[in-house]
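Undergrad: TSV, C-alpha atoms and all ligand atoms, file coords.tsv:
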```tsv
chain	number	residue	atom	x	y	z
A	21	MET	CA	-24.29	-5.79	-14.69
A	22	TYR	CA	-22.73	-8.26	-12.26
A	23	GLU	CA	-26.01	-9.64	-10.87
A	24	ALA	CA	-25.46	-13.10	-12.38
A	25	PHE	CA	-21.93	-13.30	-10.89
A	26	VAL	CA	-23.15	-12.24	-7.44
A	27	ARG	CA	-25.93	-14.85	-7.59
A	28	GLN	CA	-23.59	-17.63	-8.73
A	29	ALA	CA	-21.03	-16.82	-6.02
A	30	HIS	CA	-23.81	-16.99	-3.44
A	31	ASP	CA	-25.71	-20.03	-4.74
A	32	GLN	CA	-22.80	-22.20	-5.93
A	33	LEU	CA	-19.99	-21.19	-3.54
A	34	GLY	CA	-21.82	-19.78	-0.51
A	35	ILE	CA	-19.78	-16.56	-0.78
A	36	ALA	CA	-21.37	-13.12	-0.30
A	37	VAL	CA	-20.28	-10.54	-2.90
A	38	ALA	CA	-20.89	-6.84	-2.18
A	39	CYS	CA	-21.23	-4.28	-4.99
A	40	GLY	CA	-19.87	-0.72	-5.22
A	41	VAL	CA	-17.41	-0.89	-2.30
A	42	SER	CA	-15.38	2.29	-1.69
A	43	MET	CA	-11.65	1.54	-1.76
A	44	LYS	CA	-11.01	4.54	0.51
A	45	ASP	CA	-12.03	2.25	3.37
A	46	TYR	CA	-9.66	-0.54	2.28
A	47	THR	CA	-6.42	1.34	1.61
A	48	THR	CA	-4.03	3.02	4.04
A	49	PHE	CA	-3.91	6.00	1.60
A	50	ALA	CA	-7.71	6.39	2.04
A	51	ILE	CA	-7.90	7.09	-1.71
A	52	GLY	CA	-9.80	5.47	-4.57
A	53	GLY	CA	-13.19	5.02	-6.19
A	54	ALA	CA	-15.42	1.98	-5.76
A	55	ALA	CA	-14.62	-1.62	-6.61
A	56	ASP	CA	-17.43	-3.03	-8.78
A	57	MET	CA	-17.57	-6.05	-6.45
A	58	MET	CA	-15.79	-7.29	-3.33
A	59	ALA	CA	-15.67	-10.74	-1.72
A	60	VAL	CA	-14.09	-11.53	1.65
A	61	PRO	CA	-13.64	-15.33	1.76
A	62	ASP	CA	-13.13	-16.95	5.15
A	63	GLN	CA	-11.50	-20.21	3.96
A	64	THR	CA	-8.54	-20.48	1.62
A	65	GLY	CA	-10.44	-23.13	-0.41
A	66	GLN	CA	-12.92	-20.43	-1.44
A	67	LEU	CA	-10.13	-18.47	-3.19
A	68	SER	CA	-9.61	-21.16	-5.79
A	69	ALA	CA	-13.39	-21.46	-6.34
A	70	LEU	CA	-13.69	-17.67	-6.78
A	71	LEU	CA	-10.82	-17.58	-9.28
A	72	LYS	CA	-12.44	-20.37	-11.30
A	73	LEU	CA	-15.76	-18.50	-11.32
A	74	CYS	CA	-14.00	-15.27	-12.43
A	75	ARG	CA	-12.27	-17.15	-15.23
A	76	GLN	CA	-15.53	-18.85	-16.30
A	77	GLU	CA	-17.48	-15.56	-16.35
A	78	GLY	CA	-14.65	-13.42	-17.79
A	79	VAL	CA	-14.57	-11.18	-14.70
A	80	PRO	CA	-11.22	-9.50	-13.86
A	81	PHE	CA	-10.06	-9.80	-10.26
A	82	LEU	CA	-7.56	-8.15	-7.92
A	83	LEU	CA	-6.16	-9.57	-4.69
A	84	LEU	CA	-6.26	-7.14	-1.76
A	85	GLY	CA	-4.30	-7.61	1.45
A	86	ARG	CA	-4.20	-4.66	3.84
A	87	GLY	CA	-4.11	-2.11	0.99
A	88	SER	CA	-0.90	-0.58	2.37
A	89	ASN	CA	0.98	-0.43	-0.93
A	90	LEU	CA	-1.83	0.58	-3.27
A	91	LEU	CA	-2.89	3.71	-5.08
A	92	VAL	CA	-6.40	3.05	-6.40
A	93	SER	CA	-7.82	5.01	-9.34
A	94	ASP	CA	-10.52	7.61	-8.64
A	95	ALA	CA	-12.62	5.73	-11.21
A	96	GLY	CA	-12.50	2.58	-9.08
A	97	ILE	CA	-11.68	-1.04	-9.89
A	98	GLU	CA	-13.30	-3.15	-12.58
A	99	GLY	CA	-14.54	-6.60	-11.63
A	100	LEU	CA	-13.96	-8.38	-8.33
A	101	VAL	CA	-11.65	-7.37	-5.48
A	102	ILE	CA	-10.86	-10.39	-3.30
A	103	CYS	CA	-9.96	-9.25	0.19
A	104	THR	CA	-7.87	-11.77	2.14
A	105	GLY	CA	-8.48	-10.12	5.55
A	106	LYS	CA	-10.30	-13.12	7.08
A	107	LEU	CA	-7.66	-15.70	6.08
A	108	LYS	CA	-5.35	-15.29	9.04
A	109	LYS	CA	-4.63	-18.65	10.68
A	110	LEU	CA	-1.17	-19.15	12.16
A	111	LYS	CA	0.56	-22.31	13.37
A	112	ILE	CA	3.95	-23.23	14.79
A	113	ASP	CA	5.89	-26.44	14.19
A	114	GLY	CA	9.23	-26.41	16.05
A	115	SER	CA	11.22	-23.51	14.62
A	116	ARG	CA	8.82	-23.16	11.67
A	117	LEU	CA	5.81	-20.88	11.51
A	118	TYR	CA	2.97	-21.04	8.97
A	119	ALA	CA	0.76	-18.05	8.22
A	120	GLU	CA	-2.23	-17.71	5.91
A	121	CYS	CA	-2.13	-14.87	3.38
A	122	GLY	CA	-4.43	-12.41	5.18
A	123	ALA	CA	-2.59	-12.51	8.52
A	124	SER	CA	-1.11	-9.11	9.38
A	125	LEU	CA	2.69	-9.02	9.51
A	126	ARG	CA	2.32	-7.59	13.00
A	127	SER	CA	0.41	-10.69	14.17
A	128	VAL	CA	2.88	-13.05	12.44
A	129	ALA	CA	5.89	-11.31	14.04
A	130	SER	CA	4.14	-11.24	17.43
A	131	ARG	CA	3.35	-14.98	17.27
A	132	ALA	CA	7.00	-15.72	16.41
A	133	GLN	CA	8.16	-13.54	19.31
A	134	ARG	CA	5.85	-15.26	21.83
A	135	SER	CA	7.21	-18.61	20.62
A	136	ALA	CA	10.79	-17.33	21.13
A	137	LEU	CA	11.52	-17.52	17.39
A	138	SER	CA	13.77	-14.86	15.90
A	139	GLY	CA	13.90	-13.57	12.29
A	140	LEU	CA	10.71	-11.56	11.82
A	141	GLU	CA	11.57	-8.60	14.06
A	142	PHE	CA	12.08	-6.41	10.97
A	143	ALA	CA	8.50	-7.08	9.82
A	144	SER	CA	6.58	-6.17	12.96
A	145	GLY	CA	6.05	-2.53	11.92
A	146	ILE	CA	5.24	-3.10	8.24
A	147	PRO	CA	1.47	-2.57	7.97
A	148	GLY	CA	0.82	-5.25	5.31
A	149	SER	CA	-0.57	-8.77	5.13
A	150	LEU	CA	1.58	-11.87	4.77
A	151	GLY	CA	0.41	-12.36	1.17
A	152	GLY	CA	1.16	-8.76	0.16
A	153	ALA	CA	4.55	-8.95	1.90
A	154	VAL	CA	5.62	-12.17	0.12
A	155	PHE	CA	4.33	-10.78	-3.21
A	156	MET	CA	6.32	-7.54	-2.68
A	157	ASN	CA	9.28	-9.16	-0.88
A	158	ALA	CA	8.68	-6.52	1.81
A	159	GLY	CA	11.65	-5.54	3.92
A	160	ALA	CA	13.03	-3.06	6.41
A	161	TYR	CA	16.14	-2.46	8.53
A	162	GLY	CA	18.24	-5.01	6.67
A	163	GLY	CA	15.63	-7.80	6.76
A	164	GLU	CA	13.30	-8.97	4.00
A	165	MET	CA	10.86	-11.79	3.35
A	166	ALA	CA	13.41	-13.57	1.13
A	167	GLN	CA	15.60	-14.27	4.19
A	168	VAL	CA	12.96	-16.10	6.22
A	169	VAL	CA	10.43	-17.63	3.82
A	170	ASP	CA	10.92	-21.38	3.47
A	171	ARG	CA	7.95	-22.44	1.33
A	172	VAL	CA	4.97	-20.69	-0.25
A	173	ASP	CA	1.59	-22.19	-1.17
A	174	ALA	CA	0.09	-20.38	-4.15
A	175	LEU	CA	-2.56	-20.50	-6.87
A	176	ASP	CA	-2.26	-19.62	-10.53
A	177	GLY	CA	-4.87	-17.46	-12.28
A	178	GLU	CA	-6.97	-20.56	-13.06
A	179	GLY	CA	-7.13	-21.54	-9.40
A	180	ASN	CA	-4.61	-24.45	-9.64
A	181	SER	CA	-2.47	-25.16	-6.53
A	182	LEU	CA	1.29	-24.61	-6.69
A	183	SER	CA	4.06	-24.89	-4.11
A	184	PHE	CA	7.34	-22.95	-4.17
A	185	GLY	CA	10.55	-23.60	-2.21
A	186	ARG	CA	12.51	-20.49	-1.28
A	187	SER	CA	14.87	-20.76	-4.25
A	188	ASP	CA	11.91	-20.91	-6.67
A	189	CYS	CA	10.39	-17.68	-5.34
A	190	ALA	CA	12.71	-15.47	-7.48
A	191	PHE	CA	12.84	-12.90	-4.70
A	192	SER	CA	14.52	-9.63	-5.64
A	193	TYR	CA	14.24	-6.05	-4.41
A	194	ARG	CA	10.46	-5.54	-3.82
A	195	SER	CA	9.58	-8.33	-6.23
A	196	SER	CA	9.02	-12.07	-6.42
A	197	VAL	CA	7.84	-14.76	-8.82
A	198	PHE	CA	4.32	-14.10	-7.49
A	199	ALA	CA	4.49	-10.45	-8.65
A	200	GLN	CA	6.20	-11.35	-11.92
A	201	LYS	CA	3.69	-14.07	-12.84
A	202	GLY	CA	0.56	-12.69	-11.15
A	203	LEU	CA	0.26	-15.67	-8.78
A	204	LEU	CA	-1.84	-15.67	-5.65
A	205	VAL	CA	-0.12	-16.34	-2.33
A	206	LEU	CA	-2.24	-18.61	-0.10
A	207	GLY	CA	0.18	-18.87	2.81
A	208	ALA	CA	3.83	-19.34	3.69
A	209	TRP	CA	6.11	-21.34	5.97
A	210	PHE	CA	8.92	-19.41	7.66
A	211	GLU	CA	12.13	-20.98	8.94
A	212	LEU	CA	13.11	-19.06	12.09
A	213	ALA	CA	15.87	-19.29	14.67
A	214	PRO	CA	15.28	-20.18	18.31
A	215	GLY	CA	16.00	-17.12	20.46
A	216	ASP	CA	15.06	-15.32	23.64
A	217	ALA	CA	11.46	-14.00	23.67
A	218	GLU	CA	12.32	-10.85	25.68
A	219	GLU	CA	15.29	-9.99	23.45
A	220	ILE	CA	13.17	-10.44	20.31
A	221	LYS	CA	10.51	-8.17	21.82
A	222	ARG	CA	13.10	-5.50	22.64
A	223	ALA	CA	14.64	-5.63	19.14
A	224	ALA	CA	11.23	-5.24	17.45
A	225	ALA	CA	10.26	-2.39	19.82
A	226	GLU	CA	13.48	-0.56	18.98
A	227	LEU	CA	12.83	-0.86	15.22
A	228	ASN	CA	9.27	0.40	15.73
A	229	ARG	CA	10.58	3.33	17.78
A	230	ARG	CA	12.90	4.27	14.90
A	231	ARG	CA	9.97	3.94	12.48
A	232	ARG	CA	7.74	6.26	14.57
A	233	GLU	CA	10.58	8.77	14.84
A	234	LYS	CA	11.21	8.92	11.05
A	235	GLN	CA	7.87	8.18	9.36
A	236	PRO	CA	4.65	10.23	9.14
A	237	LEU	CA	2.49	7.50	10.71
A	238	SER	CA	-0.32	9.84	11.80
A	239	LEU	CA	-1.40	10.64	8.21
A	240	PRO	CA	-2.74	8.26	5.54
A	241	SER	CA	-0.03	7.08	3.11
A	242	ALA	CA	1.16	3.99	1.27
A	243	GLY	CA	4.66	4.04	2.76
A	244	SER	CA	7.72	4.82	0.61
A	245	VAL	CA	6.45	5.91	-2.79
A	246	PHE	CA	9.66	5.12	-4.69
A	247	LYS	CA	12.08	2.21	-4.79
A	248	ARG	CA	15.58	2.92	-3.51
A	249	PRO	CA	17.63	3.97	-6.56
A	250	GLU	CA	21.03	2.27	-6.60
A	251	GLY	CA	23.56	4.35	-4.70
A	252	TYR	CA	21.00	6.88	-3.42
A	253	PHE	CA	18.07	7.31	-1.03
A	254	ALA	CA	14.86	8.53	-2.71
A	255	GLY	CA	13.84	10.61	0.32
A	256	LYS	CA	17.21	12.42	0.43
A	257	LEU	CA	17.11	13.23	-3.32
A	258	ILE	CA	13.57	14.61	-2.99
A	259	GLU	CA	14.49	16.64	0.09
A	260	ASP	CA	17.62	18.00	-1.63
A	261	CYS	CA	15.39	19.22	-4.48
A	262	GLY	CA	13.48	21.34	-1.97
A	263	LEU	CA	10.28	19.32	-2.36
A	264	LYS	CA	9.56	18.57	1.31
A	265	GLY	CA	6.05	19.87	2.01
A	266	TYR	CA	5.30	20.42	-1.72
A	267	ARG	CA	1.62	19.81	-2.36
A	268	ILE	CA	-0.83	19.20	-5.18
A	269	GLY	CA	-4.46	19.22	-4.05
A	270	GLY	CA	-4.70	17.11	-0.89
A	271	ALA	CA	-1.46	15.19	-1.63
A	272	GLN	CA	1.74	16.41	-0.01
A	273	VAL	CA	5.39	15.35	0.15
A	274	SER	CA	5.65	14.56	3.86
A	275	GLU	CA	7.36	17.21	5.98
A	276	LYS	CA	8.71	14.38	8.15
A	277	HIS	CA	10.05	11.99	5.49
A	278	ALA	CA	10.30	13.17	1.87
A	279	GLY	CA	10.07	9.59	0.57
A	280	PHE	CA	6.41	9.49	1.66
A	281	ILE	CA	3.41	11.22	0.06
A	282	VAL	CA	0.66	11.82	2.61
A	283	ASN	CA	-3.05	12.39	2.14
A	284	THR	CA	-3.70	15.58	4.10
A	285	GLY	CA	-7.46	15.15	3.61
A	286	GLY	CA	-9.51	14.54	0.48
A	287	ALA	CA	-6.52	13.80	-1.80
A	288	SER	CA	-7.53	12.16	-5.09
A	289	CYS	CA	-5.56	9.52	-6.98
A	290	ASP	CA	-5.04	12.15	-9.65
A	291	ASP	CA	-3.46	14.55	-7.08
A	292	VAL	CA	-1.01	11.81	-6.05
A	293	LYS	CA	-0.18	10.86	-9.64
A	294	ARG	CA	0.52	14.48	-10.58
A	295	LEU	CA	2.68	14.91	-7.49
A	296	ILE	CA	4.62	11.72	-8.33
A	297	ALA	CA	5.23	12.97	-11.90
A	298	HIS	CA	6.40	16.35	-10.56
A	299	ILE	CA	8.83	14.69	-8.13
A	300	GLN	CA	10.19	12.36	-10.84
A	301	ASP	CA	10.75	15.25	-13.29
A	302	THR	CA	12.32	17.53	-10.69
A	303	VAL	CA	14.69	14.85	-9.36
A	304	TYR	CA	15.66	13.77	-12.88
A	305	GLN	CA	16.43	17.32	-13.99
A	306	ALA	CA	18.47	18.08	-10.86
A	307	CYS	CA	20.22	14.74	-10.24
A	308	HIS	CA	19.78	12.60	-13.41
A	309	VAL	CA	18.26	9.81	-11.32
A	310	ARG	CA	14.99	8.19	-12.43
A	311	LEU	CA	12.76	7.40	-9.47
A	312	GLU	CA	10.69	4.27	-9.99
A	313	CYS	CA	7.43	3.76	-8.09
A	314	GLU	CA	7.28	1.13	-5.35
A	315	ILE	CA	3.56	1.69	-4.71
A	316	ARG	CA	1.28	-0.16	-7.10
A	317	MET	CA	-1.28	1.75	-9.12
A	318	VAL	CA	-4.44	-0.23	-9.73
A	319	GLY	CA	-7.91	0.33	-11.10
A	320	ARG	CA	-9.52	1.85	-14.18
B	401	LIG	C1	3.28	3.58	6.92
B	401	LIG	C2	3.78	2.51	5.99
B	401	LIG	C3	5.04	1.96	6.18
B	401	LIG	C4	5.52	0.97	5.31
B	401	LIG	N1	6.75	0.44	5.54
B	401	LIG	C5	7.23	-0.52	4.72
B	401	LIG	C6	8.51	-1.09	4.93
B	401	LIG	O1	9.21	-0.76	5.87
B	401	LIG	N2	8.93	-2.05	4.05
B	401	LIG	C7	8.16	-2.45	2.99
B	401	LIG	O2	8.61	-3.34	2.25
B	401	LIG	N3	6.94	-1.94	2.77
B	401	LIG	C8	6.45	-0.99	3.60
B	401	LIG	N4	5.21	-0.47	3.37
B	401	LIG	C9	4.43	-0.91	2.19
B	401	LIG	C10	3.50	-2.11	2.44
B	401	LIG	O3	3.14	-2.22	3.81
B	401	LIG	C11	4.13	-3.43	1.98
B	401	LIG	O4	4.42	-3.39	0.59
B	401	LIG	C12	3.21	-4.62	2.23
B	401	LIG	O5	3.92	-5.80	2.00
B	401	LIG	C13	1.96	-4.64	1.37
B	401	LIG	O6	1.08	-5.62	1.89
B	401	LIG	P1	-0.50	-5.47	1.75
B	401	LIG	O7	-1.14	-6.66	2.32
B	401	LIG	O8	-0.94	-4.16	2.31
B	401	LIG	O9	-0.64	-5.47	0.18
B	401	LIG	P2	-1.67	-4.65	-0.71
B	401	LIG	O10	-1.32	-3.20	-0.65
B	401	LIG	O11	-3.06	-5.04	-0.38
B	401	LIG	O12	-1.29	-5.21	-2.15
B	401	LIG	C14	-0.01	-4.97	-2.70
B	401	LIG	C15	0.16	-5.87	-3.92
B	401	LIG	O13	0.20	-7.22	-3.47
B	401	LIG	C16	-0.85	-7.98	-4.11
B	401	LIG	N5	-1.33	-8.96	-3.12
B	401	LIG	C17	-1.85	-8.74	-1.89
B	401	LIG	N6	-2.11	-9.91	-1.29
B	401	LIG	C18	-1.76	-10.88	-2.15
B	401	LIG	C19	-1.78	-12.32	-2.11
B	401	LIG	N7	-2.24	-12.99	-1.06
B	401	LIG	N8	-1.33	-12.99	-3.21
B	401	LIG	C20	-0.87	-12.32	-4.30
B	401	LIG	N9	-0.84	-10.99	-4.39
B	401	LIG	C21	-1.26	-10.28	-3.32
B	401	LIG	C22	-1.90	-6.97	-4.50
B	401	LIG	O14	-2.71	-7.42	-5.58
B	401	LIG	C23	-1.03	-5.78	-4.89
B	401	LIG	O15	-0.56	-5.90	-6.20
B	401	LIG	C24	4.71	0.53	4.24
B	401	LIG	C25	3.43	1.06	4.07
B	401	LIG	C26	2.95	2.04	4.93
B	401	LIG	C27	1.57	2.58	4.74
```
How would this structure read if it were set down as structure tokens?
TA:
Amino acid sequence: MYEAFVRQAHDQLGIAVACGVSMKDYTTFAIGGAADMMAVPDQTGQLSALLKLCRQEGVPFLLLGRGSNLLVSDAGIEGLVICTGKLKKLKIDGSRLYAECGASLRSVASRAQRSALSGLEFASGIPGSLGGAVFMNAGAYGGEMAQVVDRVDALDGEGNSLSFGRSDCAFSYRSSVFAQKGLLVLGAWFELAPGDAEEIKRAAAELNRRRREKQPLSLPSAGSVFKRPEGYFAGKLIEDCGLKGYRIGGAQVSEKHAGFIVNTGGASCDDVKRLIAHIQDTVYQACHVRLECEIRMVGR
């Protein structure tokens, strides 16, 4: 069905497109059916060309970073998944750092630390890509992307280049203009503060120690399932409802942190969705608080 698209991507753009790629291998939840097609460009210029080809051929597309905030349908993803994993160049200019969208937050934070630049310590344990983190306005331990991003290079759905200063990014809790308008993040400049490399290293290590202590990092998950409801903590509400350890199929409310759902082996997307609905209903009935999903559900 997509033979013509695969041929055009190869012949016109020099980009290899694979068909029928299991999303279990591309998500930290290890859940999901196959993407019809996947491309892994190795230059940012290829992203714009791919978007234009998708638009021309009427093929839907989805941007994939590290797949750490995604719940993919068991029936897979229609069209083209564009994986940014090879777009990971970093550069430093004084107290500014530039990262391409596919760079892992860990590598961005580590580069800042080695250059004695402070501000990204909070991000070193978030298992996402730079693009996914800017899109989601990822944050932890009092820090978030909104505090350190200076400028973002982006593309619209037609492949046109755009540039956003911090105040144009419309950052809010786990959202941004990129999420609101479906824009593609190519890369971002961060404005950081000169500091002491050893102190920055120690601060990041301490946050990662706290993360390991609290979070079920040995099992596949997509992090916190729900946004923090105003005035509450989702994990505490779920725990207070007696749901810690509650399971549907292979999906379980983590015994370690009730805000996480873990894949104990062979969980389907449907298992997770039913567990989410059960948690939402139970918490609403007991506490009159509506839990809203932070993880993004994608696919057919
Ligand atoms: C164990 C664990 C701990 C976590 N801890 C935290 C935490 O402390 N704080 C936190 O905020 N999050 C946390 N997360 C969630 C997740 O890591 C973040 O949301 C992260 O920013 C997602 O990045 P990603 O590259 O994995 O995005 P993906 O999951 O690949 O994609 C998420 C969304 O971003 C879009 N997207 C990806 N790349 C781009 C791009 N370049 N341009 C435009 N759109 C794009 C995708 O289409 C999708 O809609 C955690 C997850 C796990 C598994």
Undergrad: For ligand LIG 401 (chain B), list the contacting residues at 6 Å or closer, counting only C-alpha atoms and all ligand atoms, as a PyMOL selection string.
TA: chain A and resi 48+82-90+121+146-149+151-153+155-156+158-160+203-206+237+241-243
Undergrad: What lies within 7 Å of range 55-69 of chain A using only C-alpha atoms, ignoring chain neighbours under 2 positions off, as a VMD selection string?
TA: chain A and resid 35 to 43 53 71 to 73 96 to 107 179 206
Undergrad: With C-alpha atoms kept, could you save the residues just selected as an mmCIF file, in the frame of the given file?
TA:
```
data_model
loop_
_atom_site.group_PDB
_atom_site.id
_atom_site.type_symbol
_atom_site.label_atom_id
_atom_site.label_comp_id
_atom_site.auth_asym_id
_atom_site.auth_seq_id
_atom_site.Cartn_x
_atom_site.Cartn_y
_atom_site.Cartn_z
ATOM 1 C CA ILE A 35 -19.780 -16.560 -0.780
ATOM 2 C CA ALA A 36 -21.370 -13.120 -0.300
ATOM 3 C CA VAL A 37 -20.280 -10.540 -2.900
ATOM 4 C CA ALA A 38 -20.890 -6.840 -2.180
ATOM 5 C CA CYS A 39 -21.230 -4.280 -4.990
ATOM 6 C CA GLY A 40 -19.870 -0.720 -5.220
ATOM 7 C CA VAL A 41 -17.410 -0.890 -2.300
ATOM 8 C CA SER A 42 -15.380 2.290 -1.690
ATOM 9 C CA MET A 43 -11.650 1.540 -1.760
ATOM 10 C CA GLY A 53 -13.190 5.020 -6.190
ATOM 11 C CA LEU A 71 -10.820 -17.580 -9.280
ATOM 12 C CA LYS A 72 -12.440 -20.370 -11.300
ATOM 13 C CA LEU A 73 -15.760 -18.500 -11.320
ATOM 14 C CA GLY A 96 -12.500 2.580 -9.080
ATOM 15 C CA ILE A 97 -11.680 -1.040 -9.890
ATOM 16 C CA GLU A 98 -13.300 -3.150 -12.580
ATOM 17 C CA GLY A 99 -14.540 -6.600 -11.630
ATOM 18 C CA LEU A 100 -13.960 -8.380 -8.330
ATOM 19 C CA VAL A 101 -11.650 -7.370 -5.480
ATOM 20 C CA ILE A 102 -10.860 -10.390 -3.300
ATOM 21 C CA CYS A 103 -9.960 -9.250 0.190
ATOM 22 C CA THR A 104 -7.870 -11.770 2.140
ATOM 23 C CA GLY A 105 -8.480 -10.120 5.550
ATOM 24 C CA LYS A 106 -10.300 -13.120 7.080
ATOM 25 C CA LEU A 107 -7.660 -15.700 6.080
ATOM 26 C CA GLY A 179 -7.130 -21.540 -9.400
ATOM 27 C CA LEU A 206 -2.240 -18.610 -0.100
#
```
Undergrad: For Arg194 in chain A, which residue among A:Gln272, A:Gln300, A:Ser288, A:Ser244 is the nearest when counting all atoms listed in the file?
TA: A:Ser244
Undergrad: In Å, with one decimal, what is the gap from CA of Asp113 in chain A to CA of Tyr193 in chain A?
TA: 28.8 Å
Undergrad: Using all atoms listed in the file, can you tell me which of A:Ala225, A:Val172, A:Val92, A:Arg232 comes closest to Asp45 in chain A?
TA: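 Closest candidate: A:Val92.
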Undergrad: List the neighbours of Asp290 in chain A out to 12 Å using only C-alpha atoms; skip same-chain residues closer than 4 positions along the sequence, and give me the result as a list in words.
TA: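 The contact residues come out as Ile51, Gly52, Gly53, Leu91, Val92, Ser93, Asp94, Ala95, Ile268, Gly269, Gly270, Ala271, Asn283, Gly286, Arg294, Leu295, Ile296, Ala297 and Met317 of chain A.
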Undergrad: Which value, in Å to one decimal, gives the distance between CA of Ala136 in chain A and CA of Ala119 in chain A?
TA: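 Computed distance, CA of Ala136 in chain A to CA of Ala119 in chain A, equals 16.4 Å.
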Undergrad: Enter the distance from CA of Glu226 in chain A to CA of Ala143 in chain A, in Å, rounded to one decimal.
TA: 12.3 Å
